[in-house]
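The file protein19.cif comes next; it holds mmCIF, C-alpha atoms.
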data_final
#
loop_
_atom_site.label_atom_id
_atom_site.label_comp_id
_atom_site.auth_asym_id
_atom_site.auth_seq_id
_atom_site.Cartn_x
_atom_site.Cartn_y
_atom_site.Cartn_z
CA THR T 298 5.11 -1.92 -9.81
CA ASP T 299 7.58 -2.95 -12.50
CA SER T 300 7.11 0.45 -14.14
CA GLN T 301 8.39 2.30 -11.05
CA THR T 302 11.81 3.82 -11.70
CA LEU T 303 14.10 5.86 -9.51
CA PRO T 304 15.00 9.41 -10.51
CA ASN T 305 18.32 9.38 -12.35
CA LEU T 306 19.84 12.00 -10.09
CA PRO T 307 22.93 11.46 -7.88
CA GLU T 308 22.36 11.97 -4.16
CA GLU T 309 24.82 14.87 -3.97
CA TRP T 310 22.87 16.67 -6.69
CA ARG T 311 19.60 16.28 -4.79
CA SER T 312 21.15 17.77 -1.65
CA ARG T 313 23.32 20.42 -3.36
CA PRO T 314 20.70 23.23 -3.29
CA VAL T 315 20.35 22.76 0.48
CA SER T 316 24.09 22.72 1.12
CA THR T 317 24.69 25.82 -1.02
CA ARG T 318 21.63 27.82 0.13
CA PRO T 319 20.40 26.42 3.47
CA ASP T 320 18.52 29.68 4.05
CA VAL T 321 15.99 28.90 1.28
CA PRO T 322 13.17 26.77 2.81
CA GLY T 323 11.93 25.65 -0.60
CA HIS T 324 15.20 23.87 -1.34
CA ARG T 325 14.93 21.77 1.80
CA SER T 326 11.23 21.02 1.22
CA SER T 327 12.08 19.86 -2.30
CA LEU T 328 14.72 17.52 -0.87
CA VAL T 329 12.16 16.11 1.57
CA VAL T 330 9.73 15.40 -1.27
CA ALA T 331 12.45 13.87 -3.45
CA GLU T 332 13.76 11.56 -0.73
CA THR T 333 10.25 10.51 0.32
CA ASN T 334 9.23 9.84 -3.27
CA ILE T 335 12.30 7.64 -3.72
CA ALA T 336 11.41 5.82 -0.50
CA GLN T 337 7.87 5.29 -1.83
CA VAL T 338 9.20 3.80 -5.08
CA LEU T 339 11.54 1.48 -3.18
CA TYR T 340 8.68 0.52 -0.85
CA ARG T 341 6.53 -0.44 -3.84
CA LEU T 342 9.42 -2.46 -5.25
CA GLY T 343 9.79 -4.33 -1.96
CA GLU T 344 13.25 -2.82 -1.34
CA ASN T 345 12.29 -1.80 2.17
CA ASN T 346 15.75 -1.71 3.77
CA ASP T 347 16.94 0.78 1.14
CA ALA T 348 13.66 2.67 1.49
CA LEU T 349 14.31 3.13 5.22
CA MET T 350 17.56 5.00 4.54
CA HIS T 351 15.85 7.49 2.23
CA VAL T 352 12.89 8.07 4.53
CA GLN T 353 15.24 8.66 7.46
CA THR T 354 16.96 11.41 5.46
CA ALA T 355 13.57 12.83 4.52
CA LEU T 356 12.41 12.89 8.14
CA GLU T 357 15.54 14.67 9.35
CA GLN T 358 15.11 17.35 6.68
CA ALA T 359 11.36 17.60 7.29
CA MET T 360 11.91 18.35 10.97
CA THR T 361 14.36 21.09 10.03
CA VAL T 362 11.71 22.63 7.77
CA VAL T 363 9.00 22.37 10.44
CA ASN T 364 11.14 23.76 13.24
CA ALA T 365 12.15 26.72 11.06
CA ASP T 366 8.51 27.84 10.82
CA GLN T 367 6.09 26.19 13.24
CA THR T 368 3.17 28.23 11.86
CA ASN T 369 3.32 26.85 8.29
CA PRO T 370 0.64 24.13 7.96
CA GLU T 371 2.07 22.81 4.69
CA SER T 372 5.31 21.93 6.48
CA HIS T 373 3.33 19.88 8.99
CA ALA T 374 1.44 18.16 6.16
CA LEU T 375 4.77 17.33 4.54
CA GLU T 376 5.96 15.81 7.82
CA VAL T 377 2.85 13.60 7.81
CA TYR T 378 3.67 12.35 4.30
CA VAL T 379 7.15 11.37 5.47
CA ARG T 380 5.96 9.71 8.69
CA VAL T 381 3.21 7.73 6.92
CA THR T 382 5.78 6.49 4.40
CA PHE T 383 8.00 5.54 7.33
CA GLY T 384 5.14 3.64 8.94
CA GLN T 385 4.26 1.81 5.72
CA ILE T 386 7.82 0.56 5.32
CA LEU T 387 8.05 -0.55 8.94
CA ARG T 388 4.67 -2.28 8.65
CA ASP T 389 5.84 -4.16 5.56
CA LEU T 390 8.80 -5.41 7.61
CA SER T 391 6.39 -6.58 10.35
CA MET T 392 7.90 -4.01 12.73
CA PHE T 393 4.40 -3.27 13.95
CA SER T 394 5.19 -1.41 17.19
CA ASP T 395 7.48 1.05 15.44
CA ALA T 396 4.97 1.46 12.60
CA GLU T 397 2.27 2.29 15.13
CA LEU T 398 4.46 5.05 16.57
CA ALA T 399 4.92 6.57 13.11
CA PHE T 400 1.19 6.51 12.41
CA LYS T 401 0.37 7.85 15.89
CA SER T 402 2.61 10.88 15.31
CA SER T 403 0.91 11.45 11.95
CA ASP T 404 -2.52 11.15 13.56
CA ASP T 405 -1.63 13.78 16.17
CA ILE T 406 -0.43 16.22 13.53
CA CYS T 407 -3.48 15.68 11.30
CA ARG T 408 -5.86 16.18 14.19
CA GLU T 409 -4.31 19.60 14.83
CA LEU T 410 -4.43 20.49 11.12
CA VAL T 411 -8.10 19.55 10.78
CA GLU T 412 -9.05 21.42 13.93
CA ALA T 413 -7.22 24.55 12.78
CA PHE T 414 -8.30 24.37 9.12
CA SER T 415 -11.67 22.64 9.16
CA GLU T 416 -12.57 23.78 5.63
CA ASN T 417 -9.37 22.47 4.04
CA GLY T 418 -10.36 19.32 2.15
CA SER T 419 -6.78 18.18 1.49
CA TYR T 420 -6.08 17.98 5.24
CA ARG T 421 -9.29 15.99 5.74
CA ARG T 422 -8.20 13.61 3.00
CA LEU T 423 -4.73 13.33 4.51
CA TYR T 424 -6.26 12.43 7.88
CA GLY T 425 -8.31 9.73 6.17
CA GLU T 426 -5.17 8.29 4.58
CA VAL T 427 -3.47 8.15 7.97
CA LYS T 428 -6.45 6.30 9.45
CA ASN T 429 -6.49 3.86 6.54
CA ASN T 430 -2.88 2.99 7.28
CA VAL T 431 -3.59 2.63 10.99
CA GLY T 432 -6.51 0.32 10.17
CA ILE T 433 -4.35 -1.89 7.93
CA LEU T 434 -1.86 -2.21 10.78
CA TYR T 435 -4.63 -3.43 13.10
CA LEU T 436 -5.92 -5.81 10.43
CA LEU T 437 -2.48 -7.40 10.39
CA ASP T 438 -1.67 -7.32 14.09
CA GLY T 439 -5.03 -6.80 15.80
CA PRO T 440 -7.33 -5.95 17.32
CA ALA T 441 -9.88 -6.13 14.51
CA ASP T 442 -12.27 -3.90 16.49
CA ASP T 443 -9.73 -1.08 16.33
CA ALA T 444 -9.25 -1.70 12.61
CA GLN T 445 -12.97 -1.38 12.04
CA GLN T 446 -13.10 1.85 14.03
CA ALA T 447 -10.17 3.31 12.07
CA PHE T 448 -11.79 2.61 8.69
CA VAL T 449 -15.18 3.97 9.76
CA SER T 450 -13.47 7.14 10.93
CA ALA T 451 -11.45 7.34 7.69
CA ILE T 452 -14.65 7.19 5.64
CA VAL T 453 -16.01 10.16 7.63
CA ASP T 454 -12.88 12.15 6.74
CA PHE T 455 -13.04 11.22 3.06
CA ASP T 456 -16.72 12.16 2.99
CA SER T 457 -15.86 15.52 4.57
CA ALA T 458 -13.16 16.10 1.95
CA LEU T 459 -15.60 15.25 -0.84
CA LYS T 460 -18.21 17.58 0.62
CA ILE T 461 -15.67 20.40 0.43
CA ASN T 462 -14.48 19.35 -3.04
CA PRO T 463 -16.71 16.83 -4.84
CA ARG T 464 -14.04 16.46 -7.55
CA ASP T 465 -11.38 15.24 -5.13
CA THR T 466 -10.57 11.96 -6.89
CA LEU T 467 -7.86 11.08 -4.39
CA ALA T 468 -10.39 11.28 -1.56
CA ARG T 469 -12.75 9.02 -3.49
CA ASN T 470 -9.93 6.55 -4.05
CA GLY T 471 -9.08 6.60 -0.35
CA ARG T 472 -12.75 6.04 0.45
CA ALA T 473 -12.79 2.97 -1.83
CA TRP T 474 -9.81 1.50 0.00
CA ALA T 475 -11.41 2.29 3.36
CA LEU T 476 -14.61 0.43 2.36
CA ASN T 477 -12.58 -2.53 1.11
CA TYR T 478 -10.54 -2.83 4.29
CA LEU T 479 -13.56 -2.12 6.48
CA ALA T 480 -15.17 -5.20 4.94
CA ASP T 481 -12.02 -7.21 5.73
CA ALA T 482 -12.22 -6.11 9.37
CA GLN T 483 -15.93 -6.91 9.55
CA LEU T 484 -15.24 -10.36 8.13
CA GLN T 485 -12.58 -10.94 10.79
CA LEU T 486 -15.18 -9.98 13.42
CA GLY T 487 -17.73 -12.41 11.97
CA GLN T 488 -19.98 -9.63 10.70
CA VAL T 489 -20.66 -11.41 7.42
CA ASP T 490 -23.69 -9.39 6.29
CA LYS T 491 -22.01 -6.07 7.06
CA ALA T 492 -18.88 -7.21 5.23
CA ALA T 493 -20.90 -8.12 2.14
CA ARG T 494 -22.47 -4.65 2.09
CA SER T 495 -19.10 -2.95 2.51
CA TYR T 496 -17.50 -5.05 -0.25
CA GLY T 497 -20.42 -4.18 -2.51
CA GLN T 498 -19.98 -0.48 -1.77
CA ALA T 499 -16.23 -0.74 -2.42
CA ILE T 500 -16.86 -2.39 -5.80
CA ALA T 501 -19.37 0.31 -6.72
CA GLU T 502 -16.91 3.04 -5.69
CA ARG T 503 -14.17 1.38 -7.76
CA THR T 504 -16.50 1.22 -10.77
CA ASN T 505 -17.31 4.91 -10.46
CA LEU T 506 -13.62 5.78 -10.15
CA CYS T 507 -12.90 4.07 -13.46
CA GLY T 508 -15.48 6.19 -15.26
CA THR T 509 -14.81 8.63 -18.07
CA THR T 510 -13.09 11.28 -15.94
CA ASN T 511 -10.44 8.87 -14.63
CA ALA T 512 -10.37 6.46 -17.57
CA GLY T 513 -6.66 7.02 -18.11
CA ILE T 514 -5.55 6.32 -14.53
CA THR T 515 -4.43 2.69 -14.70
CA GLU T 516 -3.98 2.45 -10.92
CA TYR T 517 -7.76 2.64 -10.48
CA HIS T 518 -8.40 -0.05 -13.09
CA VAL T 519 -5.84 -2.35 -11.46
CA ALA T 520 -7.43 -1.83 -8.04
CA ARG T 521 -10.91 -2.52 -9.44
CA ALA T 522 -9.79 -5.71 -11.20
CA TRP T 523 -7.92 -6.90 -8.10
CA LEU T 524 -11.03 -6.50 -5.94
CA LEU T 525 -13.25 -8.23 -8.51
CA LEU T 526 -10.84 -11.16 -8.64
CA THR T 527 -9.87 -11.51 -4.96
CA CYS T 528 -12.93 -10.35 -2.99
CA PRO T 529 -13.15 -12.67 0.04
CA ASP T 530 -16.92 -12.81 -0.53
CA GLU T 531 -16.74 -14.97 -3.64
CA SER T 532 -20.36 -14.25 -4.53
CA LEU T 533 -19.28 -10.68 -5.32
CA ARG T 534 -16.41 -11.65 -7.60
CA ASP T 535 -16.78 -10.91 -11.30
CA VAL T 536 -14.17 -12.92 -13.17
CA VAL T 537 -15.44 -11.88 -16.60
CA ALA T 538 -15.16 -8.17 -15.79
CA GLY T 539 -11.82 -8.61 -14.02
CA GLU T 540 -10.35 -10.52 -16.94
CA ALA T 541 -11.61 -7.93 -19.43
CA ILE T 542 -9.88 -5.17 -17.46
CA ALA T 543 -6.64 -7.15 -17.29
CA GLU T 544 -6.72 -7.95 -20.99
CA GLY T 545 -7.25 -4.29 -21.82
CA LEU T 546 -4.32 -3.23 -19.64
CA VAL T 547 -2.02 -5.82 -21.25
CA MET T 548 -3.10 -4.68 -24.69
CA ASP T 549 -2.30 -1.06 -23.82
CA ASP T 550 1.09 -1.90 -22.28
CA PRO T 551 2.34 -5.41 -23.15
CA GLY T 552 5.67 -4.67 -21.46
CA SER T 553 4.16 -4.30 -17.97
CA GLY T 554 4.83 -7.24 -15.70
CA GLN T 555 2.19 -5.98 -13.27
CA PHE T 556 -0.49 -6.20 -15.96
CA HIS T 557 0.60 -9.71 -16.98
CA MET T 558 0.46 -10.72 -13.30
CA LEU T 559 -3.10 -9.37 -13.05
CA HIS T 560 -4.02 -11.17 -16.28
CA ALA T 561 -2.54 -14.40 -14.89
CA LEU T 562 -4.72 -14.06 -11.79
CA ALA T 563 -7.79 -13.46 -13.94
CA GLN T 564 -6.99 -16.53 -16.05
CA LEU T 565 -6.53 -18.56 -12.87
CA ARG T 566 -9.99 -17.52 -11.69
CA ALA T 567 -11.37 -18.38 -15.15
CA LYS T 568 -9.77 -21.86 -14.83
CA ASN T 569 -7.48 -21.24 -17.77
CA TYR T 570 -4.45 -22.63 -15.98
CA PRO T 571 -2.11 -23.02 -18.98
CA GLY T 572 -2.91 -19.45 -20.00
CA SER T 573 -2.19 -18.25 -16.47
CA ILE T 574 1.22 -19.95 -16.51
CA THR T 575 2.01 -18.39 -19.88
CA SER T 576 1.16 -14.92 -18.55
CA LEU T 577 3.28 -15.55 -15.46
CA ASN T 578 6.23 -16.53 -17.65
CA LYS T 579 6.02 -13.10 -19.27
CA THR T 580 6.54 -11.44 -15.89
CA ALA T 581 9.95 -13.10 -15.72
CA LEU T 582 11.11 -10.91 -18.60
CA VAL T 583 10.88 -7.68 -16.60
CA ARG T 584 11.87 -6.46 -13.17
CA MET T 585 9.04 -7.24 -10.78
CA SER T 586 8.49 -5.88 -7.32
CA LYS T 587 9.58 -8.24 -4.56
CA LYS T 588 6.06 -7.63 -3.23
CA SER T 589 4.43 -9.00 -6.38
CA PRO T 590 2.24 -12.06 -5.70
CA VAL T 591 3.43 -13.83 -8.87
CA GLY T 592 4.95 -16.71 -6.88
CA PHE T 593 1.74 -17.58 -5.03
CA ILE T 594 -0.31 -17.24 -8.23
CA ARG T 595 2.16 -19.50 -10.03
CA ALA T 596 1.92 -22.09 -7.23
CA MET T 597 -1.87 -22.22 -7.59
CA ALA T 598 -1.77 -22.33 -11.41
CA LEU T 599 0.80 -25.14 -11.43
CA TRP T 600 -1.12 -27.12 -8.81
CA LEU T 601 -4.41 -26.85 -10.65
CA ASN T 602 -2.66 -27.66 -13.93
CA GLY T 603 -1.36 -30.93 -12.47
CA ASN T 604 2.26 -30.01 -11.63
CA LYS T 605 2.10 -30.45 -7.86
CA PRO T 606 5.87 -30.73 -7.18
CA GLY T 607 6.45 -27.54 -9.19
CA ALA T 608 3.64 -25.85 -7.29
CA VAL T 609 5.20 -26.63 -3.91
CA THR T 610 8.59 -25.37 -5.10
CA ALA T 611 7.00 -22.16 -6.40
CA TRP T 612 5.11 -21.65 -3.14
CA GLU T 613 8.19 -22.16 -0.98
CA SER T 614 10.17 -19.72 -3.12
CA ALA T 615 7.37 -17.14 -2.93
CA GLU T 616 7.12 -17.43 0.84
CA LYS T 617 10.89 -17.10 1.25
CA LEU T 618 10.92 -13.91 -0.83
CA MET T 619 7.93 -12.54 1.08
CA ASN T 620 9.59 -13.17 4.45
CA GLU T 621 12.74 -11.44 3.26
CA ALA T 622 11.16 -8.44 1.55
CA ALA T 623 7.70 -7.69 2.96
CA PRO T 624 6.35 -10.15 5.54
CA GLY T 625 3.70 -7.62 6.58
CA ASP T 626 2.28 -6.90 3.11
CA ILE T 627 -1.47 -7.45 3.40
CA LYS T 628 -2.07 -8.56 -0.21
CA LEU T 629 0.77 -11.07 -0.08
CA ARG T 630 -0.61 -12.47 3.15
CA GLN T 631 -4.02 -12.90 1.57
CA LEU T 632 -2.70 -14.90 -1.39
CA ARG T 633 -0.29 -16.85 0.80
CA VAL T 634 -3.19 -18.10 2.87
CA GLU T 635 -5.30 -18.93 -0.19
CA SER T 636 -2.47 -20.76 -1.98
CA ALA T 637 -1.39 -22.63 1.15
CA LYS T 638 -4.95 -23.87 1.65
CA LEU T 639 -5.10 -25.10 -1.95
CA LEU T 640 -1.74 -26.90 -1.67
CA GLY T 641 -2.57 -28.33 1.76
CA ILE T 642 0.30 -26.51 3.47
CA ASP T 643 -0.20 -26.08 7.21
CA GLN T 644 0.23 -22.41 8.20
CA SER T 645 -0.85 -22.80 11.82
CA GLU T 646 2.66 -22.90 13.25
CA LYS T 647 4.24 -20.38 10.90
CA SER T 648 5.26 -17.12 12.55
CA PRO T 649 4.00 -13.89 10.97
CA GLU T 650 7.34 -12.30 11.82
CA PRO T 651 10.22 -12.22 9.33
CA GLU T 652 12.87 -14.90 9.44
CA SER T 653 15.88 -14.23 11.62
CA GLY T 654 18.21 -11.71 10.05
CA THR T 655 15.74 -10.28 7.58
CA GLN T 656 14.73 -7.26 9.64
CA THR T 657 16.78 -4.11 9.74
CA THR T 658 18.20 -4.02 13.25
CA ASP T 659 19.26 -0.38 13.20
CA ALA T 660 16.12 1.12 11.71
CA PRO T 661 15.60 4.68 13.01
CA LYS T 662 12.70 5.13 15.38
CA PRO T 663 9.78 7.02 13.81
CA ASP T 664 9.43 9.22 16.90
CA GLY T 665 13.12 9.99 17.06
CA ALA T 666 12.68 13.61 15.99
CA THR T 667 10.80 16.16 18.05
CA LYS T 668 7.26 16.51 16.80
CA ALA T 669 6.23 19.89 15.49
CA GLY T 670 4.63 21.98 18.17
CA ASN T 671 6.13 20.07 21.11
#
Represent the structure contained in this file as structure tokens.
Amino acid sequence: TDSQTLPNLPEEWRSRPVSTRPDVPGHRSSLVVAETNIAQVLYRLGENNDALMHVQTALEQAMTVVNADQTNPESHALEVYVRVTFGQILRDLSMFSDAELAFKSSDDICRELVEAFSENGSYRRLYGEVKNNVGILYLLDGPADDAQQAFVSAIVDFDSALKINPRDTLARNGRAWALNYLADAQLQLGQVDKAARSYGQAIAERTNLCGTTNAGITEYHVARAWLLLTCPDESLRDVVAGEAIAEGLVMDDPGSGQFHMLHALAQLRAKNYPGSITSLNKTALVRMSKKSPVGFIRAMALWLNGNKPGAVTAWESAEKLMNEAAPGDIKLRQLRVESAKLLGIDQSEKSPEPESGTQTTDAPKPDGATKAGN
């Protein structure tokens, strides 16, 4: 996340082609992609209020593109990309009802795309991504039964995409996430044996993704290491493998705070608490995402290394930042619960909603624009 950077392009330059030649659809589509990509970067950095402004601009332009040519399926797919980004940002801010509206609109559009173009694997994959995001929303806000159903359905879509194009790596990556989150939902429902099988399948899928073909895609290695180090079924964790991945990533890019954070987590699991603290100190030298779990990892490392007052201070600081930036981030919630349990902090009366004043009060509604085809 620390490696994410915004395009060095003034806003008026991004919009200039549209203002000078509004009759060229490609100019407006390019603006939609640019604004949505910026929103995605800001979302990953935990700058969700700024991300909302960019995604609002993207949605307004996307609807102009769609309404100019209702028959162009790629315009509808672009609208889905914008709306899913919108939903992700709103979900991070714990604005769950609004996020559900954004995902519901995306689901409706994808259903029409898949029905009209059943042999298009990219639309199948896109539908699976939408369902993954819907499932995460239900994991956070319930009901878990609906989350389970969403992930099972997502896997069907990813399998369909892979049947059409067996080399669709993005579909395989989406399938790995679906299996991971399906296991989380099954665990919430008390389906322990099913969850263990799903976690095992997710780990196997992650291992395959990191094979020779995708060896250079660090995102897949990070995701594999994270699962090996944080799997709720501790019998399936592999600290040795997770630490080896993290060490390799740090060696390849010693300036990445994200990789040092992952290494710190691996060292924590390996009970090398001083080493974990040292790795965490290196993250302070770079810009980290506000969604990074460094604070909760630091709290656990300090506690287990004997500095209990420092651990409590670190935990309180991490929770404050989480509530301000991304109270609905699922990975942060997972480590908050784990670290609170270790430190003996009672979470039973803590609200999952952001603290007063941290939400954007004038966030645009995701269904504010007329849906294509209506």
If we count all atoms listed in the file, what is near region 598-612 of chain T at a cut-off of 9 Å, once residues fewer than 5 positions away on the same chain are taken out, given as an mmCIF file with C-alpha atoms, keeping the file's coordinate frame?
data_model
loop_
_atom_site.group_PDB
_atom_site.id
_atom_site.type_symbol
_atom_site.label_atom_id
_atom_site.label_comp_id
_atom_site.auth_asym_id
_atom_site.auth_seq_id
_atom_site.Cartn_x
_atom_site.Cartn_y
_atom_site.Cartn_z
ATOM 1 C CA ALA T 561 -2.540 -14.400 -14.890
ATOM 2 C CA LEU T 562 -4.720 -14.060 -11.790
ATOM 3 C CA LEU T 565 -6.530 -18.560 -12.870
ATOM 4 C CA LYS T 568 -9.770 -21.860 -14.830
ATOM 5 C CA ASN T 569 -7.480 -21.240 -17.770
ATOM 6 C CA TYR T 570 -4.450 -22.630 -15.980
ATOM 7 C CA PRO T 571 -2.110 -23.020 -18.980
ATOM 8 C CA SER T 573 -2.190 -18.250 -16.470
ATOM 9 C CA ILE T 574 1.220 -19.950 -16.510
ATOM 10 C CA GLY T 592 4.950 -16.710 -6.880
ATOM 11 C CA PHE T 593 1.740 -17.580 -5.030
ATOM 12 C CA LYS T 617 10.890 -17.100 1.250
ATOM 13 C CA ARG T 633 -0.290 -16.850 0.800
ATOM 14 C CA SER T 636 -2.470 -20.760 -1.980
ATOM 15 C CA ALA T 637 -1.390 -22.630 1.150
ATOM 16 C CA LEU T 639 -5.100 -25.100 -1.950
ATOM 17 C CA LEU T 640 -1.740 -26.900 -1.670
ATOM 18 C CA ILE T 642 0.300 -26.510 3.470
#
### Query
Restricting the calculation to all atoms listed in the file, which member of T:Val362, T:Leu476, T:Leu434, T:Leu526 is positioned closest to Ser394 (chain T)?
T:Leu434
### Query
Written as a ChimeraX atom specification, which residues does the PyMOL selection byres ((chain T and resi 538) around 10) give for the file shown?
/T:521-522,525-526,534-537,539-544,563
## Note on the structure
Residue with the minimum atom-to-atom distance to Thr368 (chain T), picked from T:Leu390, T:Leu410, T:Ile335, T:Ala520 with all atoms listed in the file counted, is T:Leu410
### Query
How many Å separate CA of Asn505 (chain T) from CA of Arg469 (chain T)?
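Value for the CA of Asn505 (chain T)-CA of Arg469 (chain T) distance: 9.3 Å.
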### Query
For this file, the PyMOL selection byres ((chain T and resi 403) around 7) selects which residues, as a VMD selection string?
chain T and resid 377 380 to 381 399 to 402 404 to 407 427
## Note on the structure
Across T:Thr466, T:Gln483, T:Thr504, T:Thr515, the smallest distance to Leu546 (chain T), with all atoms listed in the file counted, is shown by T:Thr515
#### Entry: Å distance separating CA of Lys588 (chain T) from CA of Gly343 (chain T), one decimal place
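Taking CA of Lys588 (chain T) and CA of Gly343 (chain T), their separation equals 5.1 Å.
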### Task
Give me the residues within 9 Å of region 498-500 of chain T as number ranges by chain, counting only C-alpha atoms and dropping any in the same chain fewer than 6 places off.
T: 472-477, 480, 521, 524-525, 533
### Message
Please expand the PyMOL selection byres ((chain T and resi 451) around 10) into the concrete residues it hits in this file, giving the result as a ChimeraX atom specification.
### Response
/T:421-432,445-450,452-457,471-472,474-476,479
### Task
State, in Å with one decimal place, the distance from CA of Tyr420 (chain T) to CA of Thr361 (chain T).
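For CA of Tyr420 (chain T) relative to CA of Thr361 (chain T), the distance reads 21.2 Å.
Between Ala493 (chain T) and the residues T:Cys528, T:Tyr517, T:Gly508, T:Ser419, the shortest atom-to-atom distance, using all atoms listed in the file, involves T:Cys528.
Nearest residue to Asp530 (chain T), choosing from T:Tyr340, T:Phe383, T:Tyr496, T:Tyr435 and counting all atoms listed in the file: T:Tyr496.
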### Task
Pick out the closest residue to Glu409 (chain T) from this set: T:Gly384, T:Ala396, T:Thr510, T:Ala374. Count only C-alpha atoms.
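Closest candidate: T:Ala374.
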### Query
If we count all atoms listed in the file, what is near region 344-359 of chain T at a cut-off of 9 Å, once residues fewer than 3 positions away on the same chain are taken out, given as a PyMOL selection string?
chain T and resi 325-326+328-341+362-364+372-373+375-376+379-380+382-383+386-387+389-390+586-588+622-623+656-657+660-661+663+666
